[in-house]
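Structure record follows, encoded as structure tokens.
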Amino acid sequence: MKIIKRLLAPSEKSLWIAVLWTLLVFYLSFKTPSEIPKFDFFLADKLIHFSFYFGFVFLWYHYMCFKKRVNWKDKLNLVIIAVFIGVLIEFCQGYFTTNRQADVFDALANAIGSLCGIATASLLFKKIF
């Protein structure tokens with residue numbers, strides 16, 4: 001358990017990991033689809049969206065734990081920000097790109113990933129710290 005605590009302990013590195021993950025989400029969200037590796041199984045695209053936003057919320061929550069004690073308002077704000085970003089990206093894909101399209105179900109997968117990310121992070125970090 002000590003090893004897990006040490007590995008998951010929030011630190012200054014937590015910020016950089018969260019920022020890099022966020023940049024990766026933005027980059028892949030606007031990259032030409034033909035340049036992105038294809039996964040060929042049922043709902044693969046939705047699982048990827050879910051995973052991106054799960055990771056987004058989880059990593060930012062991890063960083064927030066380093067800065068202060070996280071309360072329910074912080075958690076709610078984090079999820080709202082993640083869902084807003086997910087919807088905004090879908091909107092931008094539909095209206096400002098020629099190689100991507102908006103999908104309501106992608107935004108839904110983003111929101112579900114965000115909710116699962118906050119729930120998992122809250123439970124995990126509550127037990128460890």
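FYI, nothing fancy with the structure tokens labels: chains A, B, ... in order, residues from 1 per chain, ligands from 1 as they appear.
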
Out of chain A, which residues get helix (DSSP H, G or I) from DSSP, as a ChimeraX atom specification? /A:2-8,12-30,33-35,44-67,72-96,104-128

### Query
Excluding same-chain residues fewer than 5 positions from His62 (chain A), what lies within 9 Å of it counting only C-alpha atoms, as a ChimeraX atom specification?
/A:8-11,14-15,18,57,121,125

Residues from last step as file, all heavy atoms, as a CSV table (one decimal), in the first residue's frame:
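Output contents, as saved in part38.csv:
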chain,number,residue,atom,x,y,z
A,8,LEU,N,0.8,7.4,-6.4
A,8,LEU,CA,-0.4,8.2,-6.7
A,8,LEU,C,-0.3,9.5,-5.9
A,8,LEU,O,-1.3,10.3,-6.0
A,8,LEU,CB,-1.6,7.4,-6.3
A,8,LEU,CG,-2.0,6.3,-7.3
A,8,LEU,CD1,-3.2,5.6,-6.8
A,8,LEU,CD2,-2.1,6.7,-8.7
A,9,ALA,N,0.7,9.8,-5.1
A,9,ALA,CA,0.7,11.0,-4.3
A,9,ALA,C,0.8,12.2,-5.3
A,9,ALA,O,1.6,12.3,-6.2
A,9,ALA,CB,1.9,11.0,-3.4
A,10,PRO,N,-0.1,13.1,-5.1
A,10,PRO,CA,-0.1,14.3,-6.0
A,10,PRO,C,1.2,15.1,-5.8
A,10,PRO,O,1.7,15.2,-4.7
A,10,PRO,CB,-1.3,15.1,-5.5
A,10,PRO,CG,-2.2,14.2,-4.8
A,10,PRO,CD,-1.3,13.1,-4.2
A,11,SER,N,1.7,15.7,-6.9
A,11,SER,CA,3.0,16.4,-6.8
A,11,SER,C,2.9,17.5,-7.9
A,11,SER,O,2.0,17.6,-8.6
A,11,SER,CB,4.2,15.5,-7.0
A,11,SER,OG,4.2,15.0,-8.3
A,14,SER,N,2.0,16.4,-11.3
A,14,SER,CA,0.6,16.2,-11.6
A,14,SER,C,0.1,17.3,-12.5
A,14,SER,O,-0.7,17.0,-13.4
A,14,SER,CB,-0.2,16.2,-10.3
A,14,SER,OG,0.2,15.3,-9.4
A,15,LEU,N,0.5,18.5,-12.3
A,15,LEU,CA,0.1,19.6,-13.2
A,15,LEU,C,0.5,19.3,-14.7
A,15,LEU,O,-0.3,19.4,-15.6
A,15,LEU,CB,0.6,20.9,-12.7
A,15,LEU,CG,0.4,22.1,-13.7
A,15,LEU,CD1,-1.1,22.4,-13.9
A,15,LEU,CD2,1.1,23.3,-13.2
A,18,ALA,N,-1.5,16.5,-16.3
A,18,ALA,CA,-2.8,17.0,-16.6
A,18,ALA,C,-2.8,17.9,-17.8
A,18,ALA,O,-3.7,17.8,-18.7
A,18,ALA,CB,-3.5,17.6,-15.4
A,57,VAL,N,-10.6,14.3,-16.4
A,57,VAL,CA,-11.1,14.6,-15.0
A,57,VAL,C,-10.2,14.0,-13.9
A,57,VAL,O,-9.9,14.6,-12.9
A,57,VAL,CB,-12.6,14.2,-14.9
A,57,VAL,CG1,-13.0,14.3,-13.4
A,57,VAL,CG2,-13.4,15.1,-15.8
A,121,ALA,N,-11.9,8.9,-9.1
A,121,ALA,CA,-10.9,9.6,-8.5
A,121,ALA,C,-11.3,9.9,-7.0
A,121,ALA,O,-10.4,9.8,-6.1
A,121,ALA,CB,-10.6,10.9,-9.2
A,125,PHE,N,-8.8,8.4,-4.3
A,125,PHE,CA,-8.0,9.2,-3.5
A,125,PHE,C,-8.5,9.4,-2.0
A,125,PHE,O,-7.7,9.7,-1.1
A,125,PHE,CB,-7.8,10.6,-4.1
A,125,PHE,CG,-7.0,10.5,-5.4
A,125,PHE,CD1,-7.6,11.0,-6.6
A,125,PHE,CD2,-5.8,9.8,-5.5
A,125,PHE,CE1,-6.9,10.9,-7.8
A,125,PHE,CE2,-5.1,9.7,-6.7
A,125,PHE,CZ,-5.6,10.2,-7.8

Worksheet item: Do you know which residues are at most 8 Å from Ile118 (chain A) counting only C-alpha atoms, after dropping those on the same chain fewer than 3 positions away, and could you put them as an MDAnalysis selection string?
Response: chainID A and resid 54 57:58 61 75 79 114:115 121:122

Atoms kept (C-alpha atoms) for selection, written as a PDB file, in the first residue's frame:
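Just written: result_19.pdb:
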ATOM      1  CA  PHE A  54     -12.222  10.016 -17.793  1.00  0.00           C
ATOM      2  CA  VAL A  57     -11.088  14.642 -15.013  1.00  0.00           C
ATOM      3  CA  PHE A  58      -9.023  12.047 -13.134  1.00  0.00           C
ATOM      4  CA  TYR A  61      -8.570  16.011  -9.830  1.00  0.00           C
ATOM      5  CA  LYS A  75     -15.631  18.312  -8.145  1.00  0.00           C
ATOM      6  CA  VAL A  79     -17.064  17.992 -14.292  1.00  0.00           C
ATOM      7  CA  SER A 114     -16.188  12.797 -16.895  1.00  0.00           C
ATOM      8  CA  LEU A 115     -18.710  11.572 -14.329  1.00  0.00           C
ATOM      9  CA  ALA A 121     -10.860   9.637  -8.457  1.00  0.00           C
ATOM     10  CA  SER A 122     -12.966  10.635  -5.447  1.00  0.00           C
TER      11      SER A 122
END

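Among the candidate residues A:Ala111, A:Cys116, A:Leu123, A:Phe52, the one lying nearest to Phe84 (chain A) is A:Ala111, with distances computed using only C-alpha atoms.
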
Near-Lys31 (chain A) list (12 Å; only C-alpha atoms; drop same-chain fewer than 5 positions) as a ChimeraX atom specification: /A:24-26,36-37,89,93,97-101

Using the selection just defined, write its residues with N, CA and C atoms as a tab-separated table (two decimals), in the first residue's frame.
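And here is the file that came out, part.tsv:
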chain	number	residue	atom	x	y	z
A	24	LEU	N	-3.25	16.69	-25.51
A	24	LEU	CA	-3.45	15.50	-26.34
A	24	LEU	C	-4.92	15.38	-26.76
A	25	VAL	N	-5.83	15.62	-25.84
A	25	VAL	CA	-7.26	15.56	-26.16
A	25	VAL	C	-7.59	16.58	-27.25
A	26	PHE	N	-7.12	17.81	-27.08
A	26	PHE	CA	-7.39	18.85	-28.08
A	26	PHE	C	-6.76	18.49	-29.43
A	36	ILE	N	-5.43	9.15	-37.80
A	36	ILE	CA	-5.56	8.56	-36.47
A	36	ILE	C	-5.76	7.06	-36.63
A	37	PRO	N	-5.04	6.23	-35.86
A	37	PRO	CA	-5.24	4.78	-35.98
A	37	PRO	C	-6.70	4.40	-35.75
A	89	ILE	N	-15.81	21.32	-28.16
A	89	ILE	CA	-15.00	20.65	-29.19
A	89	ILE	C	-15.91	20.04	-30.25
A	93	GLN	N	-15.88	21.05	-34.10
A	93	GLN	CA	-15.65	20.05	-35.14
A	93	GLN	C	-16.73	20.15	-36.23
A	97	THR	N	-14.53	22.86	-38.98
A	97	THR	CA	-13.60	21.96	-39.67
A	97	THR	C	-14.31	21.33	-40.87
A	98	THR	N	-13.52	20.91	-41.81
A	98	THR	CA	-14.09	20.21	-42.97
A	98	THR	C	-13.83	18.71	-42.88
A	99	ASN	N	-12.95	18.32	-41.99
A	99	ASN	CA	-12.57	16.91	-41.91
A	99	ASN	C	-13.15	16.19	-40.69
A	100	ARG	N	-13.90	16.89	-39.86
A	100	ARG	CA	-14.50	16.29	-38.66
A	100	ARG	C	-15.98	16.64	-38.64
A	101	GLN	N	-16.74	15.91	-37.86
A	101	GLN	CA	-18.17	16.23	-37.73
A	101	GLN	C	-18.58	16.15	-36.27

**OP:** Tell me which protein, DNA and RNA residues are within 10 Å of Ala102 (chain A), counting only C-alpha atoms, leaving out same-chain ones fewer than 3 positions away, and put them as a ChimeraX atom specification.
**Re:** /A:87-95,97,105-107

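The closest residue to Thr22 (chain A), picked from A:Cys65, A:Ala82, A:Asp74, A:Asp40 and counting only C-alpha atoms, is A:Ala82.
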